[in-house]
$ cat run20.cif   # mmCIF, C-alpha atoms and all ligand atoms
data_query
#
loop_
_atom_site.label_atom_id
_atom_site.label_comp_id
_atom_site.auth_asym_id
_atom_site.auth_seq_id
_atom_site.Cartn_x
_atom_site.Cartn_y
_atom_site.Cartn_z
CA MET A 1 -55.63 62.41 133.36
CA SER A 2 -58.15 59.92 134.62
CA THR A 3 -57.86 56.14 134.74
CA VAL A 4 -60.80 53.95 133.73
CA ASN A 5 -60.56 50.18 133.82
CA PRO A 6 -62.49 47.46 135.68
CA TYR A 7 -60.20 47.72 138.68
CA GLU A 8 -59.67 51.45 138.90
CA VAL A 9 -61.80 54.48 138.15
CA GLU A 10 -59.82 57.51 139.21
CA GLY A 11 -60.35 61.21 138.56
CA ALA A 12 -62.92 63.06 136.46
CA VAL A 13 -64.05 60.80 133.65
CA ASP A 14 -63.81 62.32 130.17
CA TYR A 15 -66.26 60.27 128.13
CA GLU A 16 -65.23 61.82 124.82
CA ARG A 17 -61.68 60.72 125.45
CA LEU A 18 -62.79 57.22 126.45
CA VAL A 19 -64.61 56.82 123.16
CA LEU A 20 -61.34 57.43 121.33
CA GLU A 21 -59.15 55.50 123.73
CA PHE A 22 -61.36 52.40 123.82
CA GLY A 23 -62.31 52.60 120.15
CA ILE A 24 -66.04 52.53 120.86
CA LYS A 25 -68.73 54.42 118.94
CA LYS A 26 -71.02 57.11 120.25
CA LEU A 27 -74.72 56.35 119.86
CA THR A 28 -76.11 58.45 117.01
CA GLU A 29 -79.63 59.69 116.31
CA GLU A 30 -79.75 56.98 113.66
CA ASP A 31 -78.95 54.28 116.25
CA LEU A 32 -81.62 55.57 118.61
CA LYS A 33 -84.12 55.65 115.80
CA GLN A 34 -83.45 52.01 115.02
CA ILE A 35 -83.87 51.02 118.68
CA LYS A 36 -87.12 52.94 118.87
CA GLU A 37 -88.44 51.34 115.72
CA LEU A 38 -87.86 47.85 117.09
CA ALA A 39 -88.68 48.50 120.75
CA GLY A 40 -91.64 50.80 120.21
CA GLU A 41 -90.22 53.34 122.64
CA LEU A 42 -86.93 54.77 123.88
CA HIS A 43 -85.87 54.26 127.47
CA PRO A 44 -85.10 57.52 129.35
CA GLN A 45 -81.49 56.41 129.80
CA LEU A 46 -81.14 56.35 126.01
CA ARG A 47 -82.96 59.65 125.50
CA ARG A 48 -80.73 61.26 128.12
CA GLY A 49 -77.41 59.93 126.89
CA ILE A 50 -76.71 57.85 129.99
CA PHE A 51 -76.18 54.88 127.70
CA PHE A 52 -73.94 56.77 125.31
CA ALA A 53 -71.78 54.41 123.27
CA HIS A 54 -71.66 50.94 121.73
CA ARG A 55 -69.85 48.31 119.75
CA ASP A 56 -71.60 46.62 116.80
CA LEU A 57 -75.11 47.58 117.92
CA LYS A 58 -76.41 47.95 114.39
CA TRP A 59 -75.40 44.41 113.48
CA CYS A 60 -77.15 43.08 116.58
CA LEU A 61 -80.37 44.97 115.82
CA ASP A 62 -80.27 44.02 112.13
CA GLU A 63 -80.08 40.36 113.13
CA TYR A 64 -83.02 40.89 115.50
CA LYS A 65 -85.01 42.39 112.66
CA LYS A 66 -84.27 39.30 110.57
CA GLY A 67 -85.67 37.14 113.35
CA ASN A 68 -82.40 36.15 114.99
CA LYS A 69 -82.98 37.36 118.54
CA PHE A 70 -79.97 38.30 120.64
CA PHE A 71 -79.48 37.29 124.24
CA LEU A 72 -78.44 39.79 126.93
CA TYR A 73 -75.44 39.30 129.16
CA THR A 74 -74.36 41.37 132.15
CA GLY A 75 -72.99 40.70 135.62
CA ARG A 76 -72.09 41.67 139.13
CA GLY A 77 -68.98 41.26 141.24
CA PRO A 78 -70.45 40.36 144.65
CA SER A 79 -68.11 42.05 147.11
CA GLY A 80 -70.57 44.19 149.05
CA PRO A 81 -74.06 45.65 149.15
CA ILE A 82 -75.80 46.96 146.04
CA HIS A 83 -76.17 50.71 145.85
CA LEU A 84 -78.23 52.97 143.61
CA GLY A 85 -75.40 53.34 141.10
CA HIS A 86 -75.71 49.68 140.09
CA VAL A 87 -79.44 49.68 139.82
CA GLY A 88 -79.78 52.22 137.03
CA THR A 89 -78.02 49.94 134.57
CA TRP A 90 -79.97 46.85 135.61
CA ARG A 91 -83.33 48.59 135.38
CA PHE A 92 -82.34 49.45 131.84
CA VAL A 93 -81.43 45.81 131.23
CA LYS A 94 -84.85 44.77 132.48
CA TRP A 95 -86.42 47.19 130.01
CA LEU A 96 -84.38 45.58 127.23
CA GLN A 97 -85.54 42.13 128.32
CA ASP A 98 -89.17 43.26 128.32
CA VAL A 99 -89.34 45.20 125.07
CA PHE A 100 -87.25 42.77 123.02
CA ASP A 101 -88.55 39.68 124.82
CA VAL A 102 -85.12 38.10 125.17
CA ASP A 103 -83.11 35.93 127.54
CA LEU A 104 -80.70 37.43 130.04
CA TRP A 105 -77.61 35.67 131.33
CA PHE A 106 -76.42 37.23 134.56
CA GLN A 107 -72.95 36.36 135.86
CA PHE A 108 -71.98 36.58 139.54
CA THR A 109 -68.21 36.75 139.64
CA ASP A 110 -67.49 35.44 143.11
CA ASP A 111 -64.10 34.19 141.88
CA GLU A 112 -63.18 37.68 140.70
CA LYS A 113 -64.07 39.39 143.94
CA PHE A 114 -62.30 36.74 146.01
CA LEU A 115 -59.15 37.19 143.93
CA PHE A 116 -59.19 40.98 143.88
CA LYS A 117 -60.35 41.91 147.38
CA GLN A 118 -57.43 41.22 149.66
CA ASP A 119 -59.46 41.70 152.83
CA LYS A 120 -62.47 39.48 151.95
CA SER A 121 -62.72 35.78 152.74
CA TYR A 122 -64.28 33.21 150.43
CA GLU A 123 -67.21 32.84 152.85
CA GLU A 124 -67.87 36.55 152.95
CA ILE A 125 -68.00 36.67 149.16
CA GLN A 126 -70.48 33.78 149.15
CA ASP A 127 -72.73 35.71 151.53
CA TRP A 128 -72.62 38.76 149.26
CA THR A 129 -73.38 36.59 146.25
CA TYR A 130 -76.58 35.48 147.96
CA GLU A 131 -77.53 39.00 149.06
CA ASN A 132 -76.82 40.46 145.61
CA MET A 133 -78.89 37.77 143.89
CA LEU A 134 -81.88 38.85 145.99
CA ASP A 135 -81.51 42.42 144.75
CA VAL A 136 -81.19 41.41 141.12
CA ILE A 137 -84.28 39.18 141.37
CA ALA A 138 -86.22 41.95 143.12
CA LEU A 139 -85.74 44.19 140.08
CA GLY A 140 -88.32 42.05 138.34
CA PHE A 141 -86.46 40.01 135.73
CA ASP A 142 -88.46 37.21 134.15
CA PRO A 143 -87.47 33.95 135.89
CA LYS A 144 -88.21 31.94 132.75
CA LYS A 145 -85.87 34.04 130.68
CA THR A 146 -83.16 34.89 133.21
CA HIS A 147 -80.25 32.59 134.00
CA PHE A 148 -77.78 33.19 136.81
CA LEU A 149 -74.26 31.87 136.44
CA ILE A 150 -72.16 31.83 139.61
CA ASP A 151 -68.57 31.34 138.56
CA THR A 152 -67.53 28.88 141.30
CA LYS A 153 -70.85 27.00 141.15
CA HIS A 154 -71.12 26.76 137.37
CA ALA A 155 -67.40 26.15 136.92
CA GLY A 156 -68.09 22.73 135.45
CA ILE A 157 -69.71 24.20 132.37
CA MET A 158 -67.69 27.42 132.25
CA TYR A 159 -64.15 26.17 132.73
CA PRO A 160 -63.79 24.19 129.48
CA GLU A 161 -64.67 27.35 127.55
CA ALA A 162 -62.59 29.61 129.79
CA ILE A 163 -59.39 27.71 129.04
CA LYS A 164 -60.03 28.04 125.32
CA VAL A 165 -60.25 31.80 125.82
CA ALA A 166 -57.26 31.93 128.18
CA LYS A 167 -55.03 30.14 125.70
CA LYS A 168 -55.43 33.04 123.27
CA ILE A 169 -54.73 35.92 125.64
CA THR A 170 -51.21 36.84 126.73
CA THR A 171 -50.07 38.12 130.10
CA SER A 172 -48.87 41.34 128.51
CA GLN A 173 -52.29 42.06 126.96
CA VAL A 174 -53.89 41.71 130.37
CA LYS A 175 -51.23 43.87 132.02
CA GLY A 176 -51.77 46.57 129.41
CA ALA A 177 -55.54 46.61 129.64
CA PHE A 178 -55.89 46.48 133.43
CA GLY A 179 -52.68 48.08 134.66
CA PHE A 180 -51.48 44.88 136.37
CA THR A 181 -47.89 44.33 137.41
CA ASP A 182 -45.78 41.26 138.17
CA SER A 183 -46.99 41.31 141.75
CA ASN A 184 -50.63 40.67 140.78
CA ASN A 185 -51.74 37.20 141.82
CA ILE A 186 -51.97 34.65 139.02
CA GLY A 187 -55.73 34.22 139.45
CA SER A 188 -56.34 37.85 138.58
CA ILE A 189 -54.52 37.38 135.28
CA PHE A 190 -56.73 34.42 134.32
CA TYR A 191 -59.99 36.00 135.45
CA THR A 192 -60.80 37.94 132.26
CA ALA A 193 -61.27 34.55 130.55
CA MET A 194 -64.15 33.78 132.95
CA GLN A 195 -65.85 37.10 132.21
CA THR A 196 -65.61 36.36 128.50
CA VAL A 197 -67.37 32.99 128.62
CA PRO A 198 -71.03 34.05 129.05
CA ALA A 199 -70.75 36.12 125.86
CA PHE A 200 -70.93 32.86 123.89
CA LEU A 201 -71.70 30.06 126.39
CA PRO A 202 -75.49 30.14 125.78
CA ASN A 203 -74.84 29.34 122.13
CA VAL A 204 -72.59 26.43 123.09
CA LEU A 205 -75.11 25.07 125.60
CA ARG A 206 -78.09 25.41 123.30
CA ASN A 207 -76.36 24.79 120.02
CA GLU A 208 -77.51 28.16 118.67
CA ASN A 209 -75.90 31.08 116.93
CA ARG A 210 -77.49 34.14 118.47
CA PRO A 211 -75.91 37.57 118.81
CA CYS A 212 -74.98 38.61 122.33
CA LEU A 213 -75.65 42.13 123.63
CA ILE A 214 -73.78 43.26 126.74
CA PRO A 215 -75.03 46.37 128.57
CA LEU A 216 -72.31 47.50 130.98
CA GLY A 217 -70.73 50.40 132.83
CA VAL A 218 -68.00 51.69 130.54
CA ASP A 219 -65.24 50.67 132.97
CA GLN A 220 -65.96 47.01 132.11
CA ASP A 221 -65.23 47.49 128.41
CA PRO A 222 -61.51 46.55 128.59
CA HIS A 223 -62.36 42.88 129.29
CA PHE A 224 -64.22 42.67 126.02
CA ARG A 225 -61.84 44.90 124.13
CA ILE A 226 -59.34 42.11 124.67
CA SER A 227 -61.67 39.18 124.24
CA ARG A 228 -63.94 40.06 121.34
CA ASP A 229 -61.27 39.02 118.85
CA VAL A 230 -60.66 35.83 120.81
CA ILE A 231 -64.37 34.99 120.77
CA GLU A 232 -64.32 35.33 117.02
CA LYS A 233 -61.23 33.12 116.70
CA LEU A 234 -63.12 30.46 118.66
CA GLY A 235 -65.79 30.47 115.96
CA HIS A 236 -68.43 32.66 117.62
CA LYS A 237 -69.71 36.10 116.73
CA LYS A 238 -68.20 39.08 118.54
CA PRO A 239 -70.66 40.37 121.15
CA ALA A 240 -72.31 43.78 120.75
CA ILE A 241 -71.95 46.15 123.69
CA LEU A 242 -73.90 49.12 125.08
CA HIS A 243 -71.89 51.42 127.35
CA ALA A 244 -73.29 53.44 130.27
CA LYS A 245 -71.84 56.48 131.97
CA PHE A 246 -71.48 56.36 135.73
CA MET A 247 -74.19 57.73 137.96
CA THR A 248 -72.79 60.86 139.64
CA PRO A 249 -71.36 59.97 143.07
CA MET A 250 -73.24 61.27 146.13
CA THR A 251 -70.55 63.83 146.88
CA GLY A 252 -70.43 65.13 143.32
CA GLY A 253 -67.87 65.12 140.52
CA GLU A 254 -67.53 62.87 137.52
CA GLY A 255 -66.11 59.68 138.96
CA LYS A 256 -67.83 56.43 139.86
CA GLN A 257 -69.80 55.63 143.01
CA SER A 258 -68.00 53.10 145.04
CA THR A 259 -68.77 51.57 148.39
CA ASP A 260 -65.12 50.81 148.96
CA LYS A 261 -63.69 54.22 148.21
CA GLY A 262 -64.97 56.72 150.70
CA GLY A 263 -68.52 55.98 149.56
CA GLU A 264 -68.92 53.78 152.61
CA GLY A 265 -71.78 55.04 154.71
CA LYS A 266 -72.78 57.67 152.14
CA ASP A 267 -74.16 55.68 149.21
CA ILE A 268 -77.83 54.77 149.21
CA LEU A 269 -78.09 51.01 149.70
CA LEU A 270 -81.09 49.04 148.52
CA THR A 271 -81.69 47.93 152.09
CA ASP A 272 -81.77 51.48 153.52
CA ASP A 273 -84.94 52.55 155.33
CA PRO A 274 -86.73 55.83 154.46
CA LYS A 275 -85.16 57.73 157.35
CA THR A 276 -81.65 56.71 156.36
CA VAL A 277 -82.28 57.73 152.76
CA LYS A 278 -83.49 61.13 153.86
CA LYS A 279 -80.55 61.62 156.20
CA LYS A 280 -77.94 60.59 153.63
CA ILE A 281 -79.33 62.75 150.82
CA ASN A 282 -79.79 65.81 152.98
CA LYS A 283 -76.39 65.47 154.53
CA TYR A 284 -74.17 64.29 151.67
CA ALA A 285 -75.73 65.03 148.26
CA PHE A 286 -73.54 67.64 146.61
CA SER A 287 -75.47 70.83 145.95
CA GLY A 288 -75.17 72.92 142.82
CA GLY A 289 -76.96 75.77 144.55
CA GLN A 290 -75.79 78.96 146.25
CA ASP A 291 -74.76 79.24 149.88
CA THR A 292 -77.81 81.19 151.02
CA VAL A 293 -81.44 81.17 149.94
CA GLU A 294 -81.15 84.82 149.08
CA GLU A 295 -78.23 84.29 146.73
CA HIS A 296 -79.88 81.23 145.24
CA ARG A 297 -83.03 83.19 144.42
CA LYS A 298 -80.87 85.86 142.83
CA LEU A 299 -78.24 83.82 141.00
CA GLY A 300 -79.89 80.42 140.57
CA GLY A 301 -78.23 77.00 140.77
CA ASN A 302 -76.43 74.65 138.43
CA PRO A 303 -78.42 71.43 137.83
CA ASP A 304 -75.53 69.92 135.86
CA ILE A 305 -73.44 69.50 139.00
CA ASP A 306 -76.26 69.24 141.55
CA VAL A 307 -76.45 65.60 142.60
CA ALA A 308 -80.18 65.60 143.41
CA CYS A 309 -80.93 67.06 139.96
CA GLN A 310 -78.64 64.55 138.28
CA TRP A 311 -80.12 61.57 140.12
CA MET A 312 -83.63 62.66 139.15
CA GLN A 313 -82.69 61.56 135.61
CA TYR A 314 -83.02 58.00 136.89
CA PHE A 315 -86.27 58.55 138.77
CA GLU A 316 -88.31 61.04 136.74
CA ASP A 317 -89.23 59.42 133.43
CA ASP A 318 -91.22 62.40 132.14
CA ASP A 319 -88.85 64.55 130.06
CA GLU A 320 -90.97 67.69 130.36
CA LYS A 321 -91.19 67.47 134.12
CA LEU A 322 -87.45 66.96 134.39
CA GLN A 323 -86.70 69.88 132.08
CA GLU A 324 -89.06 72.13 134.01
CA MET A 325 -87.32 71.18 137.22
CA TYR A 326 -83.87 71.98 135.79
CA ASP A 327 -85.12 75.31 134.42
CA LYS A 328 -86.63 76.35 137.71
CA TYR A 329 -83.51 75.32 139.57
CA ARG A 330 -81.33 77.33 137.20
CA LYS A 331 -83.53 80.40 137.71
CA GLY A 332 -83.45 80.06 141.48
CA GLU A 333 -87.16 79.28 141.74
CA LEU A 334 -86.39 75.83 143.12
CA LEU A 335 -84.05 75.40 146.08
CA SER A 336 -81.60 72.53 146.56
CA GLY A 337 -83.55 71.37 149.58
CA GLU A 338 -86.73 71.21 147.53
CA VAL A 339 -85.14 69.10 144.81
CA LYS A 340 -83.65 66.85 147.49
CA ALA A 341 -87.11 66.39 149.02
CA MET A 342 -88.53 65.31 145.64
CA LEU A 343 -85.66 62.91 145.11
CA ILE A 344 -86.04 61.42 148.59
CA ASP A 345 -89.71 60.70 147.87
CA LYS A 346 -88.90 59.04 144.55
CA ILE A 347 -86.13 56.89 146.01
CA ASN A 348 -88.21 55.81 148.98
CA GLU A 349 -91.09 54.90 146.76
CA PHE A 350 -88.78 52.74 144.67
CA LEU A 351 -87.14 51.16 147.72
CA ALA A 352 -90.44 50.30 149.42
CA GLU A 353 -91.46 48.18 146.44
CA HIS A 354 -87.94 46.80 146.03
CA GLN A 355 -87.66 45.69 149.64
CA LYS A 356 -90.99 43.92 149.49
CA ARG A 357 -89.90 42.00 146.40
CA ARG A 358 -86.48 41.36 147.89
CA LYS A 359 -88.14 39.46 150.71
CA GLU A 360 -90.10 37.36 148.21
CA ALA A 361 -86.92 36.72 146.23
CA GLU A 362 -85.64 34.47 149.02
CA ASN A 363 -87.88 31.71 147.65
CA GLN A 364 -87.05 32.35 144.01
CA ILE A 365 -83.31 31.84 143.82
CA GLU A 366 -83.61 28.29 142.53
CA ASP A 367 -85.76 29.49 139.62
CA PHE A 368 -83.00 31.82 138.51
CA LEU A 369 -79.92 29.60 138.86
CA TYR A 370 -79.01 28.08 135.52
CA LYS A 371 -79.56 24.34 135.29
CA PRO A 372 -78.56 22.34 132.23
CA GLU A 373 -81.64 21.99 130.01
N1 LIG B 401 -66.74 42.33 136.61
C1 LIG B 401 -68.00 42.90 136.89
C2 LIG B 401 -67.95 43.61 138.25
O1 LIG B 401 -66.94 43.72 138.88
C3 LIG B 401 -69.10 41.88 136.88
C4 LIG B 401 -69.41 41.36 135.50
C5 LIG B 401 -69.25 40.07 135.07
C6 LIG B 401 -69.95 42.09 134.41
N2 LIG B 401 -69.62 39.94 133.78
C7 LIG B 401 -70.07 41.15 133.34
C8 LIG B 401 -70.35 43.42 134.23
C9 LIG B 401 -70.56 41.56 132.10
C10 LIG B 401 -70.84 43.81 132.98
C11 LIG B 401 -70.95 42.88 131.94
O2 LIG B 401 -68.94 44.10 138.72
#
$ encode --input "run20.cif" --output "structure tokens"
Amino acid sequence: MSTVNPYEVEGAVDYERLVLEFGIKKLTEEDLKQIKELAGELHPQLRRGIFFAHRDLKWCLDEYKKGNKFFLYTGRGPSGPIHLGHVGTWRFVKWLQDVFDVDLWFQFTDDEKFLFKQDKSYEEIQDWTYENMLDVIALGFDPKKTHFLIDTKHAGIMYPEAIKVAKKITTSQVKGAFGFTDSNNIGSIFYTAMQTVPAFLPNVLRNENRPCLIPLGVDQDPHFRISRDVIEKLGHKKPAILHAKFMTPMTGGEGKQSTDKGGEGKDILLTDDPKTVKKKINKYAFSGGQDTVEEHRKLGGNPDIDVACQWMQYFEDDDEKLQEMYDKYRKGELLSGEVKAMLIDKINEFLAEHQKRRKEAENQIEDFLYKPE
């Protein structure tokens, strides 16, 4: 049995089971059709089932169709460097912002990471907040339509709403959803209220009544499973949610990539240089191929467990090319090393551009921080 909640992702993740356990809905052909109709195209991560489930998506899109545009909300807990696993989701969020032409509210939960990471000081978390903001900006979000909320810096506008949320959530609900015990610190019990606030805060600040759409990694769902009802009790609409699967970890399997669980030193960081990327992929990326070239030519490989093949889903947008690659790999015509080489090129191409923009982002932070209008 695996565990999936915001504070623990353990074991092989069974997404079918999560759908039942969390009470979320799988995206259907019908849902995808509606997105395509409104967006004009379907993002590869939708075509490939990486974003696989939702809550209330149809309502959110119906409102959009009627002219009531949603706003997007997602976030980052700044406790360390950003790795490739995070970026997939945010590139998808950027696509949503572009095709639907909507605002994005991006929360940096420095309070959360301070409370939950026993070994990290407040100052360290502040440094990571800054570093992580650079990476988010470098992904190309529209500064006019993107608003950063840093929990400790925007506390003045967030806290009045957070206490309204907190008053309606019990300690036992939080314990149940996150697996907390009596020895958890009291800040960690309150925190879920802070993560709830941006799902309706823009409407409070702007005196509007827009739907909220939250794209997230499925492990974050429990916060909103608890708080959607609370949001409604406070007189706002429940947010819609789009759930993503985890990007396969470097060393294979069906868990989540994590820099603080053995991933250290193996994950591809957004600040890695081309040589480091090459070294890490060649050394650590789990291979679905055979032990020798001879056997591989004869028996073929398994792209479904081969990390380079899996990661190509995020870097090769052309469905036909991707399919051809998988087919050839299965037949043994493509070797693991060859797929790795293609992946290394794609990643380095992406990182070269990213690192250039990351440098420019140093002067853009002010444009992204939310300021009362
Ligand atoms: N708690 C998330 C993390 O640890 C950050 C976060 C805040 C978030 N608000 C969110 C993630 C909304 C998804 C959606 O990374």
$ residues_around --input "run20.cif" --residues "Lys167 of chain A" --least-positions-apart "6" --cutoff "10 Å" --atoms "only C-alpha atoms" --output "mmCIF file with C-alpha atoms, in the frame of the given file"
data_model
loop_
_atom_site.group_PDB
_atom_site.id
_atom_site.type_symbol
_atom_site.label_atom_id
_atom_site.label_comp_id
_atom_site.auth_asym_id
_atom_site.auth_seq_id
_atom_site.Cartn_x
_atom_site.Cartn_y
_atom_site.Cartn_z
ATOM 1 C CA PHE A 190 -56.730 34.420 134.320
ATOM 2 C CA ALA A 193 -61.270 34.550 130.550
ATOM 3 C CA VAL A 230 -60.660 35.830 120.810
#
$ residues_near_ligand --input "run20.cif" --ligand "ligand LIG 401 (chain B)" --cutoff "6 Å" --atoms "all atoms listed in the file" --output "NGL selection string"
:A and (74-77 or 107 or 109 or 195 or 214 or 216 or 220)
$ write_last_selection --input "run20.cif" --atoms "C-alpha atoms" --output "compact mmCIF listing (two decimals), in the coordinates of the input"
# COMPACT_ATOMS: atom_id res chain seq x y z
CA THR A 74 -74.36 41.37 132.15
CA GLY A 75 -72.99 40.70 135.62
CA ARG A 76 -72.09 41.67 139.13
CA GLY A 77 -68.98 41.26 141.24
CA GLN A 107 -72.95 36.36 135.86
CA THR A 109 -68.21 36.75 139.64
CA GLN A 195 -65.85 37.10 132.21
CA ILE A 214 -73.78 43.26 126.74
CA LEU A 216 -72.31 47.50 130.98
CA GLN A 220 -65.96 47.01 132.11
$ residues_around --input "run20.cif" --residues "Phe71 of chain A" --least-positions-apart "3" --cutoff "7 Å" --atoms "all atoms listed in the file" --output "CSV table (one decimal) with C-alpha atoms, keeping the file's coordinate frame"
chain,number,residue,atom,x,y,z
A,102,VAL,CA,-85.1,38.1,125.2
A,103,ASP,CA,-83.1,35.9,127.5
A,104,LEU,CA,-80.7,37.4,130.0
A,210,ARG,CA,-77.5,34.1,118.5
A,211,PRO,CA,-75.9,37.6,118.8
A,212,CYS,CA,-75.0,38.6,122.3
A,213,LEU,CA,-75.6,42.1,123.6
$ residues_near_point --input "run20.cif" --point "(-80.1, 47.0, 129.2)" --cutoff "10 Å" --atoms "all atoms listed in the file" --output "list of chain:residue names"
A:His43, A:Gln45, A:Leu46, A:Phe51, A:Leu72, A:Tyr73, A:Thr74, A:Gly88, A:Thr89, A:Trp90, A:Arg91, A:Phe92, A:Val93, A:Lys94, A:Trp95, A:Leu96, A:Gln97, A:Asp98, A:Leu104, A:Leu213, A:Ile214, A:Pro215, A:Leu216, A:Ile241, A:Leu242, A:His243, A:Ala244
$ closest_residue --input "run20.cif" --among "A:Leu322, A:Gly187, A:Glu10, A:Thr271" --to "Ala352 of chain A" --atoms "all atoms listed in the file"
A:Thr271
$ closest_residue --input "run20.cif" --among "A:Lys278, A:Met194, A:Gly140, A:Leu38" --to "Asp62 of chain A" --atoms "all atoms listed in the file"
A:Leu38
$ residues_around --input "run20.cif" --residues "Ser2 of chain A" --least-positions-apart "2" --cutoff "7 Å" --atoms "only C-alpha atoms" --output "ChimeraX atom specification"
/A:4,10-13
$ axis_aligned_box --input "run20.cif" --around "segment 335-354 of chain A" --padding-each-side "5 Å" --output "JSON"
{"center_x": -86.5, "center_y": 61.1, "center_z": 147.1, "size_x": 19.9, "size_y": 38.6, "size_z": 15.0}
$ residues_around --input "run20.cif" --residues "Tyr284 of chain A" --least-positions-apart "6" --cutoff "7 Å" --atoms "all atoms listed in the file" --output "list in words"
Met250, Thr251 and Lys266 of chain A
$ write_last_selection --input "run20.cif" --atoms "C-alpha atoms" --output "short mmCIF file (atom, residue, chain, number, x, y, z; two decimals), in the coordinates of the input"
data_model
loop_
_atom_site.label_atom_id
_atom_site.label_comp_id
_atom_site.auth_asym_id
_atom_site.auth_seq_id
_atom_site.Cartn_x
_atom_site.Cartn_y
_atom_site.Cartn_z
CA MET A 250 -73.24 61.27 146.13
CA THR A 251 -70.55 63.83 146.88
CA LYS A 266 -72.78 57.67 152.14
#
$ closest_residue --input "run20.cif" --among "A:Ala39, A:Ile365, A:Leu334, A:Met133" --to "Leu299 of chain A" --atoms "only C-alpha atoms"
A:Leu334
$ closest_residue --input "run20.cif" --among "A:Phe178, A:Phe114, A:Phe108, A:Phe70" --to "Thr3 of chain A" --atoms "only C-alpha atoms"
A:Phe178
$ closest_residue --input "run20.cif" --among "A:Thr292, A:Thr196, A:Thr276, A:Asn348" --to "Arg225 of chain A" --atoms "only C-alpha atoms"
A:Thr196
$ closest_residue --input "run20.cif" --among "A:Met247, A:Ala138, A:Leu27, A:Leu205" --to "Lys359 of chain A" --atoms "only C-alpha atoms"
A:Ala138
$ atom_distance --input "run20.cif" --atom1 "atom CA of Leu84 of chain A" --atom2 "atom CA of Asp267 of chain A"
7.4 Å
$ residues_around --input "run20.cif" --residues "Lys371 of chain A" --least-positions-apart "3" --cutoff "10 Å" --atoms "all atoms listed in the file" --output "ChimeraX atom specification"
/A:147-149,154,366-368
$ atom_distance --input "run20.cif" --atom1 "atom CA of Asn282 of chain A" --atom2 "atom CA of Gly255 of chain A"
20.5 Å
$ atom_distance --input "run20.cif" --atom1 "atom CA of Asp318 of chain A" --atom2 "atom CA of Pro303 of chain A"
16.7 Å
$ residues_near_point --input "run20.cif" --point "(-67.6, 32.8, 145.4)" --cutoff "6 Å" --atoms "only C-alpha atoms" --output "list in words"
Asp110, Asp111, Ile125, Gln126 and Thr152 of chain A
